[in-house]
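Chemist: This is upload00.cif (mmCIF, C-alpha atoms).
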data_upload
loop_
_atom_site.label_atom_id
_atom_site.label_comp_id
_atom_site.auth_asym_id
_atom_site.auth_seq_id
_atom_site.Cartn_x
_atom_site.Cartn_y
_atom_site.Cartn_z
CA MET N 1 0.00 0.00 0.00
CA MET N 2 1.25 3.50 -0.87
CA PRO N 3 2.26 5.59 2.19
CA VAL N 4 -0.33 8.18 3.26
CA SER N 5 2.13 11.06 2.99
CA LEU N 6 3.02 10.17 -0.60
CA THR N 7 -0.66 9.76 -1.53
CA ALA N 8 -1.45 13.20 -0.10
CA ARG N 9 1.39 14.80 -2.02
CA ILE N 10 0.29 13.22 -5.30
CA LEU N 11 -3.28 14.39 -4.73
CA THR N 12 -2.00 17.91 -4.06
CA VAL N 13 0.01 17.94 -7.29
CA VAL N 14 -2.96 16.65 -9.31
CA THR N 15 -5.30 19.22 -7.73
CA TRP N 16 -2.98 22.12 -8.56
CA ALA N 17 -2.52 20.83 -12.11
CA MET N 18 -6.28 20.67 -12.65
CA LEU N 19 -6.71 24.17 -11.21
CA ALA N 20 -3.98 25.59 -13.45
CA TRP N 21 -5.58 23.96 -16.49
CA ALA N 22 -8.98 25.46 -15.61
CA LEU N 23 -7.69 28.98 -14.97
CA GLY N 24 -5.33 29.17 -17.93
CA PRO N 25 -2.14 31.25 -17.98
CA PRO N 26 -1.64 34.19 -15.59
CA PRO N 27 -3.23 37.50 -16.71
CA ASN N 28 -0.05 39.08 -18.10
CA LEU N 29 1.31 35.97 -19.78
CA LEU N 30 0.86 34.16 -23.07
CA ALA N 31 1.60 30.53 -23.71
CA ASP N 32 3.39 31.22 -26.99
CA GLY N 33 4.90 34.61 -26.20
CA GLY N 34 3.03 36.23 -29.12
CA PRO N 35 1.51 39.73 -29.16
CA THR N 36 -1.66 40.46 -27.22
CA ILE N 37 -4.46 42.83 -28.19
CA LEU N 38 -6.86 44.42 -25.71
CA SER N 39 -10.21 45.13 -27.39
CA LEU N 40 -12.86 47.10 -25.50
CA GLY N 41 -16.31 48.04 -26.81
CA ASP N 42 -18.29 46.80 -29.80
CA ASP N 43 -15.64 45.19 -32.00
CA SER N 44 -18.08 43.10 -34.05
CA TYR N 45 -16.68 44.65 -37.23
CA VAL N 46 -13.40 42.75 -36.77
CA THR N 47 -13.10 39.08 -37.70
CA TRP N 48 -10.69 38.29 -34.89
CA SER N 49 -10.19 34.66 -35.89
CA GLU N 50 -8.62 35.85 -39.14
CA VAL N 51 -6.49 38.43 -37.33
CA GLU N 52 -5.24 35.78 -34.92
CA SER N 53 -4.53 33.38 -37.78
CA ARG N 54 -2.62 35.97 -39.82
CA THR N 55 -0.64 37.57 -37.00
CA GLY N 56 -0.38 35.00 -34.22
CA ALA N 57 -1.86 37.55 -31.82
CA VAL N 58 -4.24 36.72 -28.99
CA VAL N 59 -7.23 38.98 -28.32
CA ARG N 60 -8.56 39.73 -24.85
CA ARG N 61 -11.68 41.73 -24.06
CA GLU N 62 -10.99 42.53 -20.42
CA LEU N 63 -8.02 44.23 -18.83
CA GLY N 64 -8.40 42.27 -15.60
CA ASP N 65 -5.29 42.51 -13.43
CA SER N 66 -3.00 43.01 -16.42
CA LEU N 67 -0.92 46.09 -17.09
CA LEU N 68 -1.43 48.01 -20.33
CA ALA N 69 2.21 47.32 -21.10
CA ALA N 70 1.24 43.66 -21.59
CA PHE N 71 -0.66 44.56 -24.79
CA SER N 72 0.88 45.41 -28.14
CA VAL N 73 -2.34 47.08 -29.33
CA VAL N 74 -5.31 48.59 -27.49
CA VAL N 75 -8.61 48.93 -29.40
CA LEU N 76 -11.45 51.21 -28.27
CA SER N 77 -14.53 50.57 -30.42
CA ASN N 78 -17.45 52.96 -29.83
CA VAL N 79 -16.98 52.67 -26.07
CA ASN N 80 -18.05 55.29 -23.52
CA TYR N 81 -15.27 56.96 -21.53
CA ASP N 82 -16.88 56.24 -18.15
CA SER N 83 -17.00 52.51 -18.91
CA LEU N 84 -13.25 52.28 -19.53
CA PRO N 85 -11.12 50.79 -16.74
CA GLU N 86 -9.34 53.46 -14.73
CA ALA N 87 -5.99 51.96 -15.72
CA VAL N 88 -6.87 52.57 -19.38
CA ARG N 89 -8.14 56.12 -18.85
CA ASP N 90 -5.11 57.15 -16.82
CA GLY N 91 -2.44 54.97 -18.38
CA LEU N 92 -2.68 55.53 -22.13
CA ALA N 93 -0.22 58.44 -22.25
CA ASP N 94 2.50 56.36 -20.59
CA TYR N 95 1.54 53.32 -22.67
CA LEU N 96 2.00 55.29 -25.90
CA ALA N 97 5.25 56.81 -24.69
CA ARG N 98 6.52 53.24 -24.23
CA GLY N 99 5.68 52.46 -27.85
CA GLY N 100 2.17 51.03 -27.64
CA SER N 101 -0.44 51.30 -30.42
CA LEU N 102 -4.00 52.57 -29.99
CA LEU N 103 -6.97 52.23 -32.36
CA VAL N 104 -10.12 54.31 -31.72
CA SER N 105 -13.30 54.08 -33.81
CA GLY N 106 -16.35 56.33 -33.75
CA GLY N 107 -20.02 56.08 -32.86
CA LYS N 108 -22.63 57.37 -30.45
CA GLN N 109 -20.53 56.20 -27.48
CA SER N 110 -17.20 57.48 -28.76
CA TYR N 111 -15.26 60.74 -29.00
CA GLY N 112 -17.22 63.74 -27.65
CA SER N 113 -20.54 61.91 -27.62
CA GLY N 114 -18.87 59.27 -25.45
CA GLY N 115 -17.40 61.74 -22.97
CA TYR N 116 -13.84 61.96 -24.36
CA ALA N 117 -13.80 65.78 -24.63
CA GLY N 118 -11.77 67.47 -21.91
CA THR N 119 -10.10 64.23 -20.80
CA ALA N 120 -6.52 63.01 -21.01
CA LEU N 121 -7.63 60.52 -23.67
CA GLY N 122 -9.32 63.22 -25.73
CA ASP N 123 -6.16 65.34 -25.64
CA LEU N 124 -4.12 62.45 -27.04
CA LEU N 125 -6.29 61.78 -30.08
CA PRO N 126 -5.44 63.04 -33.58
CA LEU N 127 -9.16 63.83 -34.03
CA LYS N 128 -10.42 66.37 -31.47
CA PRO N 129 -13.63 65.35 -29.69
CA SER N 130 -16.26 67.96 -28.90
CA ARG N 131 -19.51 67.58 -27.03
CA ASP N 132 -22.17 65.61 -28.95
CA ASP N 133 -20.08 65.27 -32.11
CA TRP N 134 -22.02 62.24 -33.37
CA LEU N 135 -24.19 63.86 -36.05
CA PRO N 136 -26.21 62.52 -38.99
CA HIS N 137 -24.69 63.04 -42.42
CA PRO N 138 -25.87 62.14 -45.91
CA PHE N 139 -23.78 59.62 -47.79
CA GLY N 140 -20.93 61.51 -49.39
CA PRO N 141 -17.70 60.85 -51.28
CA THR N 142 -14.46 60.11 -49.50
CA LEU N 143 -11.23 61.89 -50.37
CA ILE N 144 -8.20 59.66 -49.86
CA LEU N 145 -5.22 61.81 -48.90
CA GLN N 146 -2.73 58.95 -48.55
CA PRO N 147 -3.66 56.24 -51.07
CA ASP N 148 -0.45 54.29 -50.39
CA HIS N 149 -1.00 54.04 -46.65
CA PRO N 150 -0.78 50.40 -45.44
CA ILE N 151 -4.28 50.47 -43.91
CA LEU N 152 -5.74 51.16 -47.38
CA ARG N 153 -3.98 48.30 -49.14
CA GLY N 154 -6.57 46.48 -51.26
CA VAL N 155 -9.34 48.73 -49.89
CA VAL N 156 -11.82 50.94 -51.73
CA ILE N 157 -13.76 53.54 -49.73
CA LEU N 158 -16.58 54.97 -51.83
CA THR N 159 -19.05 56.86 -49.63
CA MET N 160 -19.56 57.25 -45.90
CA ALA N 161 -22.36 58.63 -43.73
CA PHE N 162 -22.10 57.42 -40.12
CA PHE N 163 -19.31 59.23 -38.30
CA ASN N 164 -18.41 61.75 -35.60
CA GLU N 165 -17.88 65.30 -36.83
CA LEU N 166 -14.35 66.08 -35.68
CA ASP N 167 -11.47 68.43 -36.40
CA PRO N 168 -7.80 67.47 -36.74
CA GLY N 169 -5.91 67.74 -33.47
CA SER N 170 -2.31 68.57 -32.69
CA GLY N 171 0.14 66.42 -34.63
CA ALA N 172 -2.60 64.79 -36.72
CA VAL N 173 -1.76 63.31 -40.10
CA GLU N 174 -4.98 62.93 -42.07
CA ILE N 175 -5.47 59.83 -44.19
CA ALA N 176 -9.04 60.30 -45.47
CA GLN N 177 -11.74 62.99 -45.44
CA TYR N 178 -15.48 63.19 -45.95
CA ARG N 179 -16.43 65.65 -48.67
CA LYS N 180 -20.09 66.09 -49.53
CA GLY N 181 -20.35 67.78 -52.91
CA SER N 182 -21.17 67.15 -56.54
CA LYS N 183 -19.15 64.52 -58.37
CA ALA N 184 -17.80 67.20 -60.67
CA ALA N 185 -16.66 69.33 -57.75
CA PHE N 186 -15.17 66.31 -56.01
CA ALA N 187 -13.27 65.27 -59.12
CA GLY N 188 -12.05 68.84 -59.54
CA GLY N 189 -10.43 68.70 -56.14
CA GLY N 190 -11.75 71.88 -54.56
CA ASN N 191 -9.65 73.00 -51.62
CA PRO N 192 -8.36 70.07 -49.54
CA GLY N 193 -7.40 72.47 -46.78
CA GLY N 194 -10.96 73.51 -45.99
CA GLY N 195 -13.55 76.05 -47.01
CA GLU N 196 -16.05 75.74 -49.81
CA ILE N 197 -15.78 72.99 -52.38
CA GLN N 198 -16.15 74.16 -55.95
CA GLY N 199 -19.66 73.32 -57.08
CA GLY N 200 -21.09 73.27 -53.56
CA GLY N 201 -20.71 71.18 -50.45
CA ARG N 202 -19.35 71.54 -46.94
CA ARG N 203 -15.88 71.83 -45.52
CA PRO N 204 -13.97 68.54 -45.56
CA MET N 205 -14.12 66.60 -42.31
CA PRO N 206 -11.49 64.05 -41.29
CA LEU N 207 -12.53 60.41 -41.33
CA ILE N 208 -9.18 58.76 -40.59
CA ALA N 209 -6.06 60.26 -39.04
CA GLU N 210 -3.03 59.12 -37.10
CA ARG N 211 -0.64 60.65 -34.62
CA SER N 212 2.70 59.64 -33.15
CA ILE N 213 3.28 60.18 -29.44
CA GLY N 214 6.71 59.22 -28.21
CA SER N 215 7.35 55.82 -29.75
CA GLY N 216 3.62 55.06 -29.89
CA THR N 217 0.99 55.38 -32.61
CA ILE N 218 -2.68 56.36 -32.46
CA LEU N 219 -4.98 55.56 -35.37
CA ALA N 220 -8.32 57.37 -35.10
CA ILE N 221 -11.34 56.45 -37.24
CA ALA N 222 -14.33 58.79 -37.10
CA MET N 223 -16.73 56.24 -38.63
CA ASP N 224 -18.91 53.92 -36.59
CA MET N 225 -17.49 50.73 -38.04
CA THR N 226 -20.43 48.65 -36.84
CA LEU N 227 -22.73 50.59 -39.21
CA THR N 228 -20.66 49.91 -42.31
CA GLY N 229 -21.91 46.39 -42.98
CA ASP N 230 -22.59 47.17 -46.66
CA TRP N 231 -18.97 48.21 -47.19
CA ASN N 232 -17.41 45.32 -49.11
CA ASP N 233 -13.88 46.02 -47.90
CA ARG N 234 -14.71 46.61 -44.23
CA ASN N 235 -13.14 43.37 -43.01
CA ARG N 236 -9.98 43.93 -45.05
CA PHE N 237 -9.73 47.51 -43.78
CA ALA N 238 -10.13 46.44 -40.14
CA GLN N 239 -7.48 43.74 -40.52
CA ASN N 240 -5.13 46.20 -42.22
CA CYS N 241 -5.52 48.61 -39.29
CA ILE N 242 -4.76 45.95 -36.69
CA GLU N 243 -1.79 44.55 -38.60
CA TYR N 244 -0.39 48.05 -39.18
CA LEU N 245 -0.60 48.88 -35.48
CA LEU N 246 0.96 45.55 -34.51
CA GLN N 247 3.89 46.32 -36.80
CA ARG N 248 4.21 49.82 -35.36
CA SER N 249 4.03 48.69 -31.74
CA ARG N 250 7.24 48.65 -29.73
CA ILE N 251 5.70 46.61 -26.93
CA GLU N 252 7.55 43.32 -26.68
CA PRO N 253 5.38 40.19 -26.53
CA VAL N 254 5.13 38.85 -23.00
CA LYS N 255 6.92 35.59 -22.35
CA LEU N 256 5.87 32.82 -20.03
CA LEU N 257 7.66 32.68 -16.73
CA LYS N 258 9.82 29.66 -16.22
CA GLU N 259 8.09 26.88 -14.38
CA PRO N 260 9.40 26.36 -10.86
CA ALA N 261 11.62 23.35 -10.39
CA LYS N 262 9.61 20.31 -9.49
CA GLU N 263 10.31 18.66 -6.19
CA SER N 264 11.29 15.05 -6.37
CA VAL N 265 8.76 12.72 -4.82
CA THR N 266 10.24 10.04 -2.66
CA GLU N 267 8.62 7.39 -0.64
#
Rewrite the structure of this file - the entire thing - as structure tokens.
Modeler:
Amino acid sequence: MMPVSLTARILTVVTWAMLAWALGPPPNLLADGGPTILSLGDDSYVTWSEVESRTGAVVRRELGDSLLAAFSVVVLSNVNYDSLPEAVRDGLADYLARGGSLLVSGGKQSYGSGGYAGTALGDLLPLKPSRDDWLPHPFGPTLILQPDHPILRGVVILTMAFFNELDPGSGAVEIAQYRKGSKAAFAGGGNPGGGEIQGGGRRPMPLIAERSIGSGTILAIAMDMTLTGDWNDRNRFAQNCIEYLLQRSRIEPVKLLKEPAKESVTE
């Protein structure tokens, strides 16, 4: 018969093994040491299984006890400021300074309509939030300012309507604008810097812009991506954005801690 002390020790080892299997890896760690993405809000416009397959990244939808520095990319998708974890609200400036990447998309719960105006987060963004900036717009043509940008590879953006009305912020580099005017005026170019568009229309409004802060990158999208289901290239665009930010990120993938040395079991 096996000694009682040895039996107890074996049961303890088995119990801990089963518990570890059930809980998974610790919050800040990945089994394969690949990049992690923190996605908060309504990210239904992203096919994460394809992102994970193409990049080897792992997506998490809760911060939990993890530090922001554990994530290569942070995604805020139409999410209200007050619902963000305090560590996200207060830690993004330092996270970006360390080389992290941030993606923000628009909607009724984002930018000024989501409470970003007058906050540290709002001050970081390349698109300036203002109170109640989610406004209805008719479908209008999109002016691509940087057609060779990696996020637009293989993507065609024809018209857009659902977005937050924003102005470029400090350090913003605009990638695309909304310009509601006649096709003739749009083709003629008008004045990309603002003012009236030849043939009628409103001032151009930024739809996509980016900004570098320290070693970090912010990509801001004014559109509510969840309302662009009829856009044929939406999935490709979303994947391009994530892959671009992963490439830009200077956050090193987190490695698993070494397992503690196992004690030898003797009778």
Chemist: Neighbouring residues of N:Pro253 were defined as those with any atom within 8 Å, considering all atoms listed in the file; residues of the same chain fewer than 5 positions away were excluded. Please report them as a ChimeraX atom specification.
Modeler: /N:33-36,70-72
Chemist: Measuring atom to atom with all atoms listed in the file, identify which of N:Gly114, N:Leu38, N:Arg89, N:Ser53 is nearest to N:Val74.
Modeler: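 Once distances to N:Val74 are computed over all atoms listed in the file, the minimum belongs to N:Leu38.
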Chemist: Apply the PyMOL selection byres ((chain N and resi 246-248) around 12) to the file shown and report the selected residues as JSON, numbers by chain.
Modeler: {"N": [34, 35, 36, 37, 38, 51, 52, 54, 55, 56, 57, 58, 71, 72, 73, 74, 75, 96, 98, 99, 100, 101, 102, 103, 150, 151, 210, 211, 212, 213, 215, 216, 217, 218, 219, 239, 240, 241, 242, 243, 244, 245, 249, 250, 251, 252, 253]}
Chemist: What's the separation between atom CA of N:Gly118 and atom CA of N:Leu76, in Å to one decimal place?
Modeler: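 Computing the Euclidean distance for atom CA of N:Gly118 and atom CA of N:Leu76 yields 17.5 Å.
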Chemist: For the provided coordinates, the residues matched by the PyMOL selection byres ((chain N and resi 178) around 10) should be stated as a ChimeraX atom specification.
Modeler: /N:137,139-144,159-161,163,165,176-177,179-181,202-208,222
Chemist: Quick one: residues within 8 Å of N:Ala209, all atoms listed in the file counted, chain neighbours fewer than 5 positions away excluded, as a list in words?
Modeler: Pro126, Leu127, Pro168, Ala172, Val173, Glu174, Ile175, Ala176, Leu219, Ala220 and Ile221 of chain N
Chemist: Around the point (-14.1, 49.6, -24.3) (coordinates from the file), which residues reach within 10 Å if we count all atoms listed in the file? Answer as a ChimeraX atom specification.
Modeler: /N:38-43,61-63,74-85,88,104,109-110
Chemist: Given all atoms listed in the file as the basis, pick out the residue of N:Leu67, N:Ala93, N:Ala87, N:Leu166 nearest to N:Trp134.
Modeler: N:Leu166
Chemist: What separation in Å, quoted to one decimal, exists between atom CA of N:Phe237 and atom CA of N:Leu125?
Modeler: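 Separating atom CA of N:Phe237 from atom CA of N:Leu125 is a distance of 20.1 Å.
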Chemist: Just the number, please: distance in Å from atom CA of N:Arg236 to atom CA of N:Asn164, one decimal.
Modeler: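 Going from atom CA of N:Arg236 over to atom CA of N:Asn164, I get 21.9 Å.
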Chemist: Let me know the residues the PyMOL selection byres ((chain N and resi 132) around 7) catches in the file above, as a list in words.
Modeler: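 Applied to this file, the PyMOL selection byres ((chain N and resi 132) around 7) selects Gly112, Ser113, Ser130, Arg131, Asp133 and Trp134 of chain N.
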Chemist: I need the chosen residues saved as a PDB file, in the frame of the given file, with C-alpha atoms.
Modeler:
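Output file out-v1.pdb follows:
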ATOM      1  CA  GLY N 112     -17.220  63.740 -27.650  1.00  0.00           C
ATOM      2  CA  SER N 113     -20.540  61.910 -27.620  1.00  0.00           C
ATOM      3  CA  SER N 130     -16.260  67.960 -28.900  1.00  0.00           C
ATOM      4  CA  ARG N 131     -19.510  67.580 -27.030  1.00  0.00           C
ATOM      5  CA  ASP N 133     -20.080  65.270 -32.110  1.00  0.00           C
ATOM      6  CA  TRP N 134     -22.020  62.240 -33.370  1.00  0.00           C
TER       7      TRP N 134
END
Chemist: Save stretch 129-168 of chain N to a file: C-alpha atoms, as a PDB file, in the first residue's frame.
Modeler:
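Wrote it out as part.pdb, contents follow:
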ATOM      1  CA  PRO N 129     -13.627  65.353 -29.687  1.00  0.00           C
ATOM      2  CA  SER N 130     -16.258  67.958 -28.898  1.00  0.00           C
ATOM      3  CA  ARG N 131     -19.514  67.581 -27.032  1.00  0.00           C
ATOM      4  CA  ASP N 132     -22.170  65.612 -28.949  1.00  0.00           C
ATOM      5  CA  ASP N 133     -20.083  65.268 -32.108  1.00  0.00           C
ATOM      6  CA  TRP N 134     -22.025  62.237 -33.372  1.00  0.00           C
ATOM      7  CA  LEU N 135     -24.188  63.862 -36.052  1.00  0.00           C
ATOM      8  CA  PRO N 136     -26.214  62.516 -38.987  1.00  0.00           C
ATOM      9  CA  HIS N 137     -24.688  63.044 -42.424  1.00  0.00           C
ATOM     10  CA  PRO N 138     -25.873  62.137 -45.906  1.00  0.00           C
ATOM     11  CA  PHE N 139     -23.778  59.618 -47.790  1.00  0.00           C
ATOM     12  CA  GLY N 140     -20.925  61.508 -49.388  1.00  0.00           C
ATOM     13  CA  PRO N 141     -17.697  60.846 -51.284  1.00  0.00           C
ATOM     14  CA  THR N 142     -14.457  60.114 -49.496  1.00  0.00           C
ATOM     15  CA  LEU N 143     -11.227  61.891 -50.365  1.00  0.00           C
ATOM     16  CA  ILE N 144      -8.195  59.658 -49.863  1.00  0.00           C
ATOM     17  CA  LEU N 145      -5.219  61.806 -48.901  1.00  0.00           C
ATOM     18  CA  GLN N 146      -2.728  58.949 -48.552  1.00  0.00           C
ATOM     19  CA  PRO N 147      -3.659  56.244 -51.069  1.00  0.00           C
ATOM     20  CA  ASP N 148      -0.446  54.294 -50.395  1.00  0.00           C
ATOM     21  CA  HIS N 149      -0.997  54.037 -46.649  1.00  0.00           C
ATOM     22  CA  PRO N 150      -0.781  50.395 -45.442  1.00  0.00           C
ATOM     23  CA  ILE N 151      -4.276  50.471 -43.911  1.00  0.00           C
ATOM     24  CA  LEU N 152      -5.742  51.160 -47.376  1.00  0.00           C
ATOM     25  CA  ARG N 153      -3.978  48.302 -49.143  1.00  0.00           C
ATOM     26  CA  GLY N 154      -6.570  46.483 -51.256  1.00  0.00           C
ATOM     27  CA  VAL N 155      -9.341  48.729 -49.890  1.00  0.00           C
ATOM     28  CA  VAL N 156     -11.820  50.941 -51.732  1.00  0.00           C
ATOM     29  CA  ILE N 157     -13.764  53.544 -49.729  1.00  0.00           C
ATOM     30  CA  LEU N 158     -16.583  54.967 -51.827  1.00  0.00           C
ATOM     31  CA  THR N 159     -19.047  56.864 -49.631  1.00  0.00           C
ATOM     32  CA  MET N 160     -19.564  57.253 -45.897  1.00  0.00           C
ATOM     33  CA  ALA N 161     -22.359  58.632 -43.731  1.00  0.00           C
ATOM     34  CA  PHE N 162     -22.105  57.423 -40.120  1.00  0.00           C
ATOM     35  CA  PHE N 163     -19.314  59.232 -38.304  1.00  0.00           C
ATOM     36  CA  ASN N 164     -18.412  61.749 -35.596  1.00  0.00           C
ATOM     37  CA  GLU N 165     -17.879  65.295 -36.832  1.00  0.00           C
ATOM     38  CA  LEU N 166     -14.350  66.077 -35.679  1.00  0.00           C
ATOM     39  CA  ASP N 167     -11.466  68.427 -36.400  1.00  0.00           C
ATOM     40  CA  PRO N 168      -7.803  67.474 -36.739  1.00  0.00           C
TER      41      PRO N 168
END
